[in-house]
file start-v9.txt (compact mmCIF, C-alpha atoms and all ligand atoms)
# COMPACT_ATOMS: atom_id res chain seq x y z
CA MET A 1 131.50 15.05 -62.91
CA LYS A 2 129.65 18.22 -63.93
CA THR A 3 125.94 18.96 -64.17
CA ILE A 4 124.36 22.11 -65.52
CA PHE A 5 120.85 23.16 -64.58
CA LYS A 6 119.52 25.40 -67.35
CA ASN A 7 116.48 27.64 -67.79
CA ILE A 8 115.76 27.65 -64.03
CA LYS A 9 112.66 29.78 -63.58
CA GLN A 10 114.13 31.12 -60.35
CA LEU A 11 117.27 30.27 -58.41
CA VAL A 12 116.32 30.88 -54.77
CA GLN A 13 118.41 31.76 -51.71
CA VAL A 14 121.42 33.05 -53.64
CA ARG A 15 124.12 34.46 -51.39
CA GLU A 16 127.66 35.54 -52.20
CA LYS A 17 128.66 34.26 -48.77
CA THR A 18 126.89 33.32 -45.57
CA LEU A 19 128.88 33.85 -42.45
CA LYS A 20 126.13 34.37 -39.97
CA PRO A 21 122.49 33.50 -39.47
CA LEU A 22 119.69 35.92 -40.37
CA SER A 23 117.94 37.89 -37.65
CA GLY A 24 114.79 39.99 -37.34
CA SER A 25 114.00 41.96 -40.50
CA GLU A 26 116.90 40.35 -42.43
CA MET A 27 114.75 37.25 -42.60
CA LYS A 28 112.33 39.01 -44.95
CA GLN A 29 115.00 39.06 -47.70
CA LEU A 30 115.25 36.02 -49.94
CA PRO A 31 117.61 36.81 -52.84
CA VAL A 32 116.80 35.17 -56.20
CA ILE A 33 118.01 35.10 -59.79
CA ASP A 34 115.32 34.80 -62.48
CA ASN A 35 115.90 32.67 -65.58
CA ALA A 36 119.14 31.23 -64.25
CA TRP A 37 121.70 28.48 -64.71
CA LEU A 38 123.71 26.65 -62.06
CA LEU A 39 126.77 24.47 -62.51
CA VAL A 40 127.57 21.62 -60.13
CA GLU A 41 131.09 20.26 -60.14
CA ASP A 42 132.40 17.49 -57.87
CA GLY A 43 129.34 17.69 -55.68
CA LYS A 44 129.64 21.43 -55.07
CA ILE A 45 127.97 24.53 -56.43
CA ALA A 46 130.65 25.72 -58.84
CA ASP A 47 128.96 28.71 -60.45
CA PHE A 48 125.63 30.24 -61.43
CA GLY A 49 124.23 33.21 -63.28
CA LYS A 50 121.55 34.46 -65.65
CA MET A 51 120.72 32.43 -68.76
CA GLN A 52 121.62 35.37 -70.97
CA ASP A 53 125.21 35.10 -69.68
CA LEU A 54 125.48 31.32 -69.89
CA PRO A 55 129.06 30.32 -70.77
CA SER A 56 129.56 27.23 -72.92
CA PHE A 57 130.54 24.12 -71.00
CA GLU A 58 132.01 20.92 -72.40
CA GLY A 59 131.26 17.43 -71.12
CA VAL A 60 128.47 18.34 -68.74
CA SER A 61 125.19 16.55 -68.19
CA GLU A 62 122.23 18.88 -68.58
CA VAL A 63 119.03 19.29 -66.57
CA ASP A 64 116.35 21.42 -68.18
CA ALA A 65 114.68 23.25 -65.28
CA ALA A 66 112.22 25.29 -67.35
CA GLY A 67 109.29 26.44 -65.21
CA LYS A 68 110.98 25.06 -62.07
CA PHE A 69 112.64 26.54 -59.00
CA LEU A 70 116.02 25.45 -57.67
CA LEU A 71 116.74 26.05 -54.01
CA PRO A 72 118.98 24.71 -51.24
CA GLY A 73 117.61 21.53 -49.68
CA TRP A 74 115.78 21.74 -46.37
CA ILE A 75 117.87 21.35 -43.24
CA ASP A 76 116.14 19.60 -40.36
CA SER A 77 118.06 20.55 -37.23
CA HIS A 78 115.85 18.72 -34.69
CA THR A 79 114.64 15.14 -35.06
CA HIS A 80 114.27 11.93 -33.08
CA LEU A 81 114.18 9.85 -36.26
CA VAL A 82 115.77 6.79 -34.62
CA TYR A 83 112.97 5.06 -32.70
CA ALA A 84 111.27 1.69 -32.47
CA GLY A 85 107.67 0.99 -33.39
CA ASN A 86 105.12 3.74 -32.92
CA ARG A 87 102.73 5.25 -30.34
CA GLU A 88 99.46 4.98 -32.22
CA GLN A 89 97.58 3.95 -29.08
CA GLU A 90 98.51 7.27 -27.39
CA PHE A 91 97.20 9.08 -30.47
CA ILE A 92 93.84 7.41 -29.85
CA ASP A 93 94.05 8.16 -26.11
CA ARG A 94 94.54 11.83 -26.89
CA ILE A 95 91.62 11.84 -29.33
CA ASN A 96 89.59 10.43 -26.47
CA GLY A 97 90.56 13.24 -24.14
CA LEU A 98 93.86 12.51 -22.38
CA THR A 99 96.61 15.13 -22.62
CA TYR A 100 100.23 14.42 -23.61
CA GLU A 101 101.22 15.13 -20.00
CA GLU A 102 98.54 12.82 -18.56
CA ILE A 103 99.69 10.00 -20.85
CA ALA A 104 103.28 10.49 -19.69
CA GLU A 105 102.18 10.46 -16.03
CA LYS A 106 100.50 7.07 -16.63
CA GLY A 107 103.80 5.58 -17.84
CA GLY A 108 103.25 6.25 -21.54
CA GLY A 109 105.11 8.79 -23.61
CA ILE A 110 108.90 8.76 -23.84
CA VAL A 111 109.16 5.86 -21.38
CA ASN A 112 106.84 3.80 -23.62
CA SER A 113 109.18 4.39 -26.58
CA ALA A 114 112.19 3.54 -24.38
CA ILE A 115 110.75 0.14 -23.47
CA LYS A 116 110.10 -0.63 -27.15
CA LEU A 117 113.58 0.51 -28.14
CA GLN A 118 115.32 -1.48 -25.42
CA GLU A 119 113.62 -4.62 -26.78
CA THR A 120 114.59 -3.90 -30.40
CA SER A 121 117.89 -5.11 -31.86
CA GLU A 122 120.38 -2.60 -33.26
CA GLU A 123 119.92 -4.10 -36.75
CA GLU A 124 116.14 -3.77 -36.64
CA LEU A 125 116.37 -0.24 -35.22
CA TYR A 126 118.70 0.68 -38.07
CA LEU A 127 116.29 -0.70 -40.69
CA GLN A 128 113.30 1.19 -39.26
CA SER A 129 115.31 4.41 -39.02
CA ALA A 130 116.89 4.14 -42.48
CA ARG A 131 113.41 3.80 -43.97
CA ARG A 132 112.41 7.05 -42.29
CA LEU A 133 115.58 8.79 -43.38
CA GLU A 134 114.97 7.83 -47.00
CA GLU A 135 111.38 9.03 -46.68
CA VAL A 136 112.40 12.51 -45.47
CA MET A 137 115.20 12.83 -48.02
CA LYS A 138 112.63 12.33 -50.79
CA MET A 139 110.69 15.20 -49.23
CA GLY A 140 113.69 17.52 -49.57
CA THR A 141 115.62 17.08 -46.32
CA THR A 142 119.29 17.25 -47.25
CA ALA A 143 120.89 17.56 -43.78
CA ILE A 144 119.58 16.23 -40.51
CA GLU A 145 120.20 16.19 -36.77
CA ILE A 146 119.11 13.07 -34.87
CA LYS A 147 118.84 12.63 -31.10
CA SER A 148 119.16 9.70 -28.75
CA GLY A 149 116.85 9.75 -25.73
CA TYR A 150 114.63 6.71 -26.23
CA GLY A 151 117.20 4.43 -24.62
CA LEU A 152 117.37 5.72 -21.03
CA THR A 153 119.93 3.04 -20.11
CA THR A 154 123.61 3.27 -20.99
CA ALA A 155 123.38 0.30 -23.36
CA ALA A 156 120.23 1.50 -25.14
CA GLU A 157 121.45 5.10 -25.47
CA LEU A 158 124.70 3.84 -27.02
CA LYS A 159 122.66 1.56 -29.32
CA MET A 160 120.69 4.56 -30.59
CA LEU A 161 123.83 6.61 -31.14
CA ARG A 162 125.52 3.73 -33.00
CA VAL A 163 122.50 3.55 -35.30
CA ILE A 164 122.85 7.28 -35.97
CA LYS A 165 126.55 6.74 -36.70
CA LYS A 166 125.70 3.98 -39.17
CA LEU A 167 123.14 6.21 -40.91
CA LYS A 168 125.83 8.86 -41.18
CA GLU A 169 128.21 6.36 -42.75
CA ASN A 170 125.68 4.96 -45.22
CA TYR A 171 123.98 8.15 -46.41
CA LYS A 172 125.70 11.09 -47.98
CA LEU A 173 123.84 13.95 -46.32
CA PRO A 174 125.26 15.69 -43.21
CA VAL A 175 124.03 13.91 -40.08
CA LYS A 176 124.66 15.33 -36.60
CA ALA A 177 124.07 13.30 -33.44
CA THR A 178 122.78 14.62 -30.14
CA PHE A 179 122.96 12.78 -26.82
CA LEU A 180 119.59 13.19 -25.07
CA GLY A 181 119.91 10.76 -22.19
CA ALA A 182 118.08 13.35 -20.04
CA HIS A 183 114.86 12.98 -22.05
CA ALA A 184 112.77 11.45 -19.27
CA ILE A 185 113.30 9.80 -15.90
CA PRO A 186 113.29 6.02 -16.43
CA PRO A 187 110.79 4.09 -14.25
CA GLU A 188 113.54 2.37 -12.24
CA TYR A 189 114.70 5.84 -11.10
CA ARG A 190 111.18 7.27 -10.56
CA ASN A 191 112.01 8.32 -7.00
CA ASP A 192 115.70 8.90 -7.60
CA LYS A 193 116.15 11.43 -10.38
CA ASP A 194 119.56 12.41 -9.02
CA GLY A 195 120.62 8.78 -9.19
CA TYR A 196 119.76 8.75 -12.90
CA LEU A 197 121.63 12.00 -13.42
CA ASP A 198 124.64 10.53 -11.60
CA LEU A 199 124.59 7.65 -14.08
CA LEU A 200 124.22 10.08 -16.96
CA VAL A 201 127.13 12.34 -16.02
CA ASN A 202 129.45 9.68 -14.61
CA GLU A 203 128.88 6.86 -17.10
CA MET A 204 126.80 7.76 -20.14
CA ILE A 205 128.42 11.02 -21.22
CA PRO A 206 132.00 9.73 -20.77
CA LYS A 207 131.17 6.60 -22.83
CA VAL A 208 129.44 8.62 -25.55
CA ALA A 209 132.49 10.88 -25.74
CA GLU A 210 134.94 7.97 -25.68
CA GLU A 211 133.30 6.45 -28.76
CA SER A 212 132.82 9.92 -30.37
CA LEU A 213 129.15 9.13 -30.83
CA ALA A 214 127.67 12.62 -30.40
CA ASN A 215 128.19 16.21 -31.44
CA TYR A 216 125.75 17.78 -28.99
CA VAL A 217 124.17 17.32 -25.58
CA ASP A 218 120.44 17.84 -24.96
CA ILE A 219 118.05 17.78 -21.97
CA PHE A 220 114.27 18.10 -21.70
CA CYS A 221 114.14 21.10 -19.34
CA GLU A 222 110.49 21.00 -18.28
CA LYS A 223 108.23 20.58 -15.25
CA GLY A 224 107.94 16.85 -14.48
CA TYR A 225 111.14 16.09 -16.41
CA PHE A 226 114.38 17.96 -15.61
CA SER A 227 114.85 21.22 -13.70
CA VAL A 228 117.02 24.23 -14.49
CA GLU A 229 119.47 22.97 -11.88
CA ASP A 230 119.61 19.57 -13.62
CA THR A 231 120.10 21.41 -16.90
CA HIS A 232 123.17 23.23 -15.57
CA ARG A 233 124.60 19.94 -14.35
CA VAL A 234 124.08 18.03 -17.60
CA LEU A 235 125.20 20.85 -19.89
CA GLU A 236 128.29 21.51 -17.83
CA THR A 237 129.31 17.85 -18.02
CA GLY A 238 128.49 17.68 -21.73
CA GLN A 239 130.65 20.70 -22.41
CA LYS A 240 133.50 19.19 -20.41
CA TYR A 241 133.42 16.34 -22.93
CA GLY A 242 133.21 18.64 -25.96
CA LEU A 243 129.44 18.41 -26.51
CA ARG A 244 127.79 21.75 -27.20
CA PRO A 245 124.23 22.08 -25.86
CA LYS A 246 121.07 22.07 -27.99
CA ILE A 247 118.14 21.75 -25.66
CA HIS A 248 114.39 21.04 -25.38
CA VAL A 249 112.92 23.95 -23.47
CA ASN A 250 109.75 26.04 -22.96
CA GLN A 251 107.47 23.41 -24.52
CA PHE A 252 104.76 23.51 -21.84
CA ASN A 253 106.19 25.87 -19.20
CA ALA A 254 108.75 28.67 -19.02
CA ILE A 255 110.94 27.78 -16.05
CA GLY A 256 114.15 29.64 -16.87
CA GLY A 257 115.78 27.02 -19.07
CA ILE A 258 116.58 29.43 -21.90
CA LYS A 259 118.71 31.60 -19.66
CA ALA A 260 120.54 28.49 -18.48
CA ALA A 261 121.09 27.32 -22.07
CA VAL A 262 122.48 30.70 -23.11
CA ALA A 263 124.80 30.68 -20.08
CA HIS A 264 126.26 27.44 -21.49
CA ASN A 265 126.56 28.90 -25.00
CA ALA A 266 123.94 26.52 -26.42
CA LEU A 267 123.87 26.25 -30.20
CA SER A 268 120.08 26.21 -30.11
CA VAL A 269 117.03 26.23 -27.86
CA ASP A 270 114.17 24.22 -29.33
CA HIS A 271 110.35 24.11 -28.94
CA LEU A 272 109.60 27.55 -27.40
CA GLU A 273 105.84 27.19 -27.53
CA VAL A 274 105.63 29.18 -24.28
CA MET A 275 107.82 32.29 -24.15
CA GLN A 276 108.09 34.97 -21.48
CA PRO A 277 109.65 38.41 -22.08
CA GLU A 278 112.70 37.35 -20.02
CA ASP A 279 113.25 34.38 -22.38
CA ILE A 280 113.39 36.73 -25.35
CA GLU A 281 115.74 39.03 -23.45
CA ALA A 282 118.04 36.13 -22.56
CA LEU A 283 118.48 35.28 -26.26
CA LYS A 284 119.43 38.80 -27.34
CA GLY A 285 123.10 39.12 -28.24
CA SER A 286 123.68 35.38 -27.76
CA GLY A 287 124.91 32.86 -30.33
CA THR A 288 121.94 30.61 -29.49
CA MET A 289 119.44 29.91 -32.27
CA PRO A 290 115.75 29.69 -31.32
CA VAL A 291 114.16 26.72 -33.14
CA ALA A 292 110.40 26.34 -33.62
CA LEU A 293 108.70 22.99 -34.23
CA PRO A 294 105.23 23.79 -35.58
CA SER A 295 104.29 20.20 -36.56
CA CYS A 296 104.53 19.31 -32.88
CA SER A 297 102.08 22.11 -32.05
CA LEU A 298 99.73 20.83 -34.75
CA PHE A 299 99.84 17.22 -33.59
CA LEU A 300 99.52 17.93 -29.85
CA GLY A 301 97.17 20.89 -30.19
CA ILE A 302 99.48 23.12 -28.12
CA PRO A 303 100.39 26.76 -28.83
CA TYR A 304 102.70 27.60 -31.74
CA SER A 305 105.99 29.39 -31.00
CA PRO A 306 105.42 33.14 -31.08
CA ALA A 307 107.51 33.70 -34.21
CA ARG A 308 106.45 37.33 -34.68
CA GLN A 309 107.43 38.20 -31.13
CA ILE A 310 110.81 36.50 -31.61
CA LEU A 311 111.50 38.14 -34.98
CA ASP A 312 110.21 41.55 -33.92
CA ALA A 313 112.70 41.43 -31.06
CA GLY A 314 115.41 41.25 -33.72
CA LEU A 315 116.22 37.59 -33.03
CA PRO A 316 116.86 34.84 -35.59
CA LEU A 317 114.58 31.80 -35.90
CA ALA A 318 115.01 28.34 -37.41
CA LEU A 319 112.36 25.72 -38.21
CA ALA A 320 112.60 21.95 -37.79
CA THR A 321 110.27 18.93 -37.74
CA ASP A 322 110.90 17.25 -34.34
CA TYR A 323 110.12 13.95 -36.15
CA ASN A 324 109.40 11.49 -33.29
CA PRO A 325 106.81 8.82 -32.42
CA GLY A 326 105.05 10.73 -29.63
CA SER A 327 104.57 14.40 -30.41
CA THR A 328 105.34 14.60 -34.15
CA PRO A 329 105.17 11.40 -36.18
CA ASN A 330 106.00 13.31 -39.35
CA GLY A 331 109.28 14.47 -40.84
CA ASN A 332 107.99 16.61 -43.68
CA MET A 333 109.82 19.96 -43.78
CA ASN A 334 107.42 21.19 -46.48
CA LEU A 335 104.57 20.93 -44.00
CA VAL A 336 106.66 22.69 -41.33
CA ILE A 337 107.19 25.62 -43.68
CA SER A 338 103.47 25.80 -44.49
CA LEU A 339 102.54 25.70 -40.81
CA ALA A 340 105.07 28.42 -40.03
CA CYS A 341 103.32 30.66 -42.56
CA ILE A 342 99.74 29.67 -41.72
CA LYS A 343 99.95 29.40 -37.96
CA MET A 344 102.98 31.47 -36.96
CA LYS A 345 102.42 34.27 -39.48
CA MET A 346 105.86 33.98 -41.00
CA ASN A 347 106.21 35.17 -44.58
CA PRO A 348 107.36 32.55 -47.11
CA GLU A 349 110.74 34.34 -47.26
CA GLU A 350 111.14 34.11 -43.48
CA ALA A 351 110.08 30.47 -43.41
CA ILE A 352 112.46 29.48 -46.22
CA ASN A 353 115.33 31.33 -44.53
CA ALA A 354 114.44 29.59 -41.26
CA ALA A 355 114.54 26.15 -42.93
CA THR A 356 117.79 26.72 -44.82
CA ILE A 357 120.34 29.30 -43.63
CA ASN A 358 119.27 29.50 -39.99
CA ALA A 359 118.70 25.75 -39.82
CA ALA A 360 122.24 25.26 -41.14
CA TYR A 361 123.52 27.43 -38.29
CA ALA A 362 121.54 25.30 -35.81
CA MET A 363 123.48 22.26 -37.11
CA ASP A 364 126.79 24.07 -37.36
CA ILE A 365 127.05 23.56 -41.13
CA LEU A 366 126.43 27.11 -42.31
CA ASP A 367 129.82 27.37 -43.98
CA THR A 368 129.03 24.41 -46.27
CA HIS A 369 125.23 24.23 -46.57
CA GLY A 370 122.01 26.23 -46.46
CA SER A 371 122.33 28.57 -49.43
CA ILE A 372 123.15 28.78 -53.13
CA THR A 373 126.72 29.93 -52.66
CA ARG A 374 129.78 29.03 -54.72
CA GLY A 375 131.75 26.26 -52.99
CA LYS A 376 128.86 25.02 -50.87
CA ALA A 377 127.56 21.46 -51.22
CA ALA A 378 125.11 20.94 -54.08
CA ASN A 379 122.32 19.74 -51.78
CA LEU A 380 119.40 21.00 -53.76
CA ILE A 381 115.65 20.84 -54.32
CA LEU A 382 114.33 21.12 -57.86
CA THR A 383 110.62 21.88 -57.70
CA GLU A 384 107.89 20.86 -60.09
CA GLU A 385 106.59 23.59 -62.38
CA ILE A 386 105.00 26.03 -59.94
CA PRO A 387 104.13 29.74 -60.18
CA SER A 388 106.35 31.03 -57.34
CA TYR A 389 108.36 29.86 -54.32
CA GLY A 390 105.50 31.15 -52.16
CA PHE A 391 103.37 28.43 -53.76
CA LEU A 392 105.29 25.86 -51.68
CA PRO A 393 103.86 26.95 -48.29
CA TYR A 394 100.59 28.08 -49.88
CA SER A 395 99.74 24.64 -51.26
CA PHE A 396 100.05 23.07 -47.80
CA GLY A 397 100.11 19.30 -47.56
CA ALA A 398 101.51 18.88 -51.07
CA ASN A 399 105.21 18.55 -51.85
CA HIS A 400 105.91 20.14 -55.18
CA ILE A 401 109.32 18.53 -55.41
CA ASP A 402 110.50 17.17 -58.74
CA SER A 403 113.89 15.93 -57.50
CA VAL A 404 116.35 16.16 -54.65
CA TYR A 405 120.14 16.29 -55.05
CA ILE A 406 122.76 15.41 -52.43
CA ASN A 407 126.28 16.50 -53.34
CA GLY A 408 125.03 17.03 -56.89
CA LYS A 409 123.66 13.49 -57.19
CA LYS A 410 119.97 12.98 -57.84
CA LEU A 411 118.29 10.70 -55.27
N1 LIG B 501 109.42 17.05 -25.68
C1 LIG B 501 110.27 16.19 -25.62
N2 LIG B 501 110.63 15.29 -26.55
C2 LIG B 501 109.98 15.07 -27.81
C3 LIG B 501 108.79 14.18 -27.74
C4 LIG B 501 109.07 12.91 -27.14
C5 LIG B 501 107.99 11.91 -27.20
O1 LIG B 501 106.82 12.18 -26.88
O2 LIG B 501 108.34 10.79 -27.55
C6 LIG B 501 109.63 16.39 -28.46
O3 LIG B 501 110.55 17.12 -28.76
O4 LIG B 501 108.45 16.70 -28.68
ZN ZN B 502 112.30 17.00 -29.84

call {"tool": "encode", "arguments": {"input": "start-v9.txt", "output": "structure tokens", "more": "lines below"}}
Ligand SMILES: N=CN[C@@H](CCC(=O)O)C(=O)O
Ligand SMILES: [Zn+2]
result
Amino acid sequence: MKTIFKNIKQLVQVREKTLKPLSGSEMKQLPVIDNAWLLVEDGKIADFGKMQDLPSFEGVSEVDAAGKFLLPGWIDSHTHLVYAGNREQEFIDRINGLTYEEIAEKGGGIVNSAIKLQETSEEELYLQSARRLEEVMKMGTTAIEIKSGYGLTTAAELKMLRVIKKLKENYKLPVKATFLGAHAIPPEYRNDKDGYLDLLVNEMIPKVAEESLANYVDIFCEKGYFSVEDTHRVLETGQKYGLRPKIHVNQFNAIGGIKAAVAHNALSVDHLEVMQPEDIEALKGSGTMPVALPSCSLFLGIPYSPARQILDAGLPLALATDYNPGSTPNGNMNLVISLACIKMKMNPEEAINAATINAAYAMDILDTHGSITRGKAANLILTEEIPSYGFLPYSFGANHIDSVYINGKKL
């Protein structure tokens, strides 16, 4: 099965090969080919070039992309897309003056979602989650990471991870699963955090590994949740069972979690709304990708990750949605890219690199996804007719997407 895209106004994010993520000033470069063609064969990018050099192809279906841009699909490396119900009431409570932290202290927040999820059947949870997955795919997400962490019991955590597994089986985009049992302390362990961590390391992680339900291990390293010491314990156990860390850290406070994550060779550190100079230093020379979640900052009214500080230090940066019911009930990567430009002062080139190549690294799929490279999966976004790729973040709140392709197949 072959498809040729012809007359593409601009083919964006064209790389001969991509072996490593982009850091610092490299992120300003976004290679393009004007007036281009691209051939998809057996779900992969087979070839591309300029229209003036278009070879003749037999037996191919044609897509006329005149006036349109073709780029690699967005990669969302941090979501909590599997959840039950919603937290609309907390949204109202926050409008009326309570903070996210105050709501959590009153028994709302993550624990509220955990109660709902525990009461929801696996089938119903799958249906709610599949609807969300289809929604974000239409908005250009062509690879996704999904976390557990709204179960907080062994049975409910496994239920979440089985739903993620089923999504992975039923949808063709790359799906990676992260075990986030250490998302919050469940009420029954309120005064016995170590007891919950004992359960997590002695029962949950071994069971998750036994059923091969997760790729990564996560923890919410934050005041009022889990300490740096807890982080070492959970990451060490996760690694023992083959789960590389990707952690929630520096959302409200900088307590040294980044250094701990780097010590465990974390694939990514995510949130980073609050960064101290020592956090930046800890990331230098590491293989750990910083991941910013600007929609969360928008929704909660908290600071945005200091992207300029991170990039000016020569570090890489990826962008993701954090799609979840509490802090970011939105999985639109187009909005994330706009917010990164508007609020974090990233250039469109930097934001697009952060949502494609660097995001692919943060999901460990850089060798197969994240750029227009021969041999990579044809997971693509074809835009509507727009003046430039910079128009995507500029026209915030609108998705100028004509169609989305997964393995060369139009959704
Ligand atoms: N900060 C921790 N976890 C989620 C939010 C969880 C929730 O409020 O349900 C996040 O990444 O923002
Ligand atoms: Zn999150």

call {"tool": "residues_near_ligand", "arguments": {"input": "start-v9.txt", "ligand": "ligand ZN 502 (chain B)", "cutoff": "9 Å", "atoms": "all atoms listed in the file", "output": "list in words"}}
result
His78, Thr79, His80, Lys147, Phe220, Ile247, His248, Asp270, His271, Leu293, Cys296, Thr321, Asp322, Tyr323, Asn324, Ser327 and Thr328 of chain A

call {"tool": "closest_residue", "arguments": {"input": "start-v9.txt", "among": "A:Ala260, A:Val111, A:Leu127, A:Val228", "to": "ligand LIG 501 (chain B)", "atoms": "all atoms listed in the file"}}
result
A:Val111

call {"tool": "closest_residue", "arguments": {"input": "start-v9.txt", "among": "A:Pro174, A:Gly326, A:Gly67, A:Gly301", "to": "ligand LIG 501 (chain B)", "atoms": "all atoms listed in the file"}}
result
A:Gly326

call {"tool": "closest_residue", "arguments": {"input": "start-v9.txt", "among": "A:Ile302, A:Met160, A:Ala46, A:Ile92", "to": "ligand LIG 501 (chain B)", "atoms": "all atoms listed in the file"}}
result
A:Ile302

call {"tool": "atom_distance", "arguments": {"input": "start-v9.txt", "atom1": "CA of Ser395 (chain A)", "atom2": "CA of Val336 (chain A)"}}
result
12.3 Å

call {"tool": "residues_around", "arguments": {"input": "start-v9.txt", "residues": "Glu222 (chain A)", "least_positions_apart": "3", "cutoff": "12 Å", "atoms": "only C-alpha atoms", "output": "MDAnalysis selection string"}}
result
chainID A and resid 101 182:185 219 225:231 247:258 271:272 274

call {"tool": "axis_aligned_box", "arguments": {"input": "start-v9.txt", "around": "ligand LIG 501 (chain B)", "padding_each_side": "6 Å", "output": "AutoDock Vina command-line options"}}
result
--center_x 108.7 --center_y 14.0 --center_z -27.2 --size_x 15.8 --size_y 18.3 --size_z 15.1

call {"tool": "atom_distance", "arguments": {"input": "start-v9.txt", "atom1": "CA of Tyr196 (chain A)", "atom2": "CA of His264 (chain A)"}}
result
21.6 Å

call {"tool": "residues_around", "arguments": {"input": "start-v9.txt", "residues": "Ile310 (chain A)", "least_positions_apart": "2", "cutoff": "12 Å", "atoms": "all atoms listed in the file", "output": "ChimeraX atom specification"}}
result
/A:23-25,27,272-284,289-292,305-308,312-318,344-346

call {"tool": "closest_residue", "arguments": {"input": "start-v9.txt", "among": "A:Ala354, A:Leu152, A:Lys20, A:Leu158", "to": "Tyr189 (chain A)", "atoms": "all atoms listed in the file"}}
result
A:Leu152

call {"tool": "residues_around", "arguments": {"input": "start-v9.txt", "residues": "region 132-145 of chain A", "least_positions_apart": "5", "cutoff": "8 Å", "atoms": "all atoms listed in the file", "output": "ChimeraX atom specification"}}
result
/A:73-79,81,173-178,331-334,363,379-381,399,401,403-406,411

call {"tool": "closest_residue", "arguments": {"input": "start-v9.txt", "among": "A:Ile205, A:Ala351, A:Leu125, A:Leu311", "to": "Gly85 (chain A)", "atoms": "all atoms listed in the file"}}
result
A:Leu125

call {"tool": "atom_distance", "arguments": {"input": "start-v9.txt", "atom1": "CA of Gln29 (chain A)", "atom2": "CA of Leu11 (chain A)"}}
result
14.0 Å

call {"tool": "closest_residue", "arguments": {"input": "start-v9.txt", "among": "A:Thr356, A:Ser148, A:Ser286, A:Asn347", "to": "ligand LIG 501 (chain B)", "atoms": "all atoms listed in the file"}}
result
A:Ser148

call {"tool": "decode", "arguments": {"input": "start-v9.txt", "residues": "region 176-180 of chain A", "atoms": "all heavy atoms", "output": "PDB file, in the first residue's frame"}}
result
ATOM      1  N   LYS A 176       2.721   4.021  25.630  1.00  0.00           N
ATOM      2  CA  LYS A 176       3.597   3.553  26.711  1.00  0.00           C
ATOM      3  C   LYS A 176       2.875   3.722  28.038  1.00  0.00           C
ATOM      4  O   LYS A 176       2.154   4.713  28.237  1.00  0.00           O
ATOM      5  CB  LYS A 176       4.906   4.361  26.727  1.00  0.00           C
ATOM      6  CG  LYS A 176       5.793   4.139  25.488  1.00  0.00           C
ATOM      7  CD  LYS A 176       6.636   2.883  25.610  1.00  0.00           C
ATOM      8  CE  LYS A 176       7.448   2.600  24.369  1.00  0.00           C
ATOM      9  NZ  LYS A 176       8.843   2.985  24.453  1.00  0.00           N
ATOM     10  N   ALA A 177       3.086   2.754  28.935  1.00  0.00           N
ATOM     11  CA  ALA A 177       2.390   2.758  30.222  1.00  0.00           C
ATOM     12  C   ALA A 177       3.361   3.039  31.366  1.00  0.00           C
ATOM     13  O   ALA A 177       4.470   2.498  31.399  1.00  0.00           O
ATOM     14  CB  ALA A 177       1.726   1.402  30.446  1.00  0.00           C
ATOM     15  N   THR A 178       2.908   3.871  32.283  1.00  0.00           N
ATOM     16  CA  THR A 178       3.732   4.215  33.443  1.00  0.00           C
ATOM     17  C   THR A 178       2.984   3.874  34.733  1.00  0.00           C
ATOM     18  O   THR A 178       1.824   4.273  34.888  1.00  0.00           O
ATOM     19  CB  THR A 178       4.082   5.720  33.422  1.00  0.00           C
ATOM     20  OG1 THR A 178       4.780   6.003  32.207  1.00  0.00           O
ATOM     21  CG2 THR A 178       4.950   6.109  34.607  1.00  0.00           C
ATOM     22  N   PHE A 179       3.671   3.166  35.626  1.00  0.00           N
ATOM     23  CA  PHE A 179       3.081   2.828  36.920  1.00  0.00           C
ATOM     24  C   PHE A 179       3.316   3.983  37.900  1.00  0.00           C
ATOM     25  O   PHE A 179       4.445   4.300  38.249  1.00  0.00           O
ATOM     26  CB  PHE A 179       3.700   1.537  37.474  1.00  0.00           C
ATOM     27  CG  PHE A 179       3.294   1.272  38.894  1.00  0.00           C
ATOM     28  CD1 PHE A 179       1.973   1.003  39.209  1.00  0.00           C
ATOM     29  CD2 PHE A 179       4.236   1.322  39.918  1.00  0.00           C
ATOM     30  CE1 PHE A 179       1.589   0.785  40.531  1.00  0.00           C
ATOM     31  CE2 PHE A 179       3.867   1.099  41.238  1.00  0.00           C
ATOM     32  CZ  PHE A 179       2.537   0.835  41.542  1.00  0.00           C
ATOM     33  N   LEU A 180       2.214   4.620  38.321  1.00  0.00           N
ATOM     34  CA  LEU A 180       2.289   5.767  39.230  1.00  0.00           C
ATOM     35  C   LEU A 180       1.513   5.486  40.513  1.00  0.00           C
ATOM     36  O   LEU A 180       0.696   6.276  40.956  1.00  0.00           O
ATOM     37  CB  LEU A 180       1.779   7.034  38.481  1.00  0.00           C
ATOM     38  CG  LEU A 180       1.628   8.356  39.224  1.00  0.00           C
ATOM     39  CD1 LEU A 180       2.917   8.800  39.900  1.00  0.00           C
ATOM     40  CD2 LEU A 180       1.133   9.457  38.296  1.00  0.00           C
TER      41      LEU A 180
END
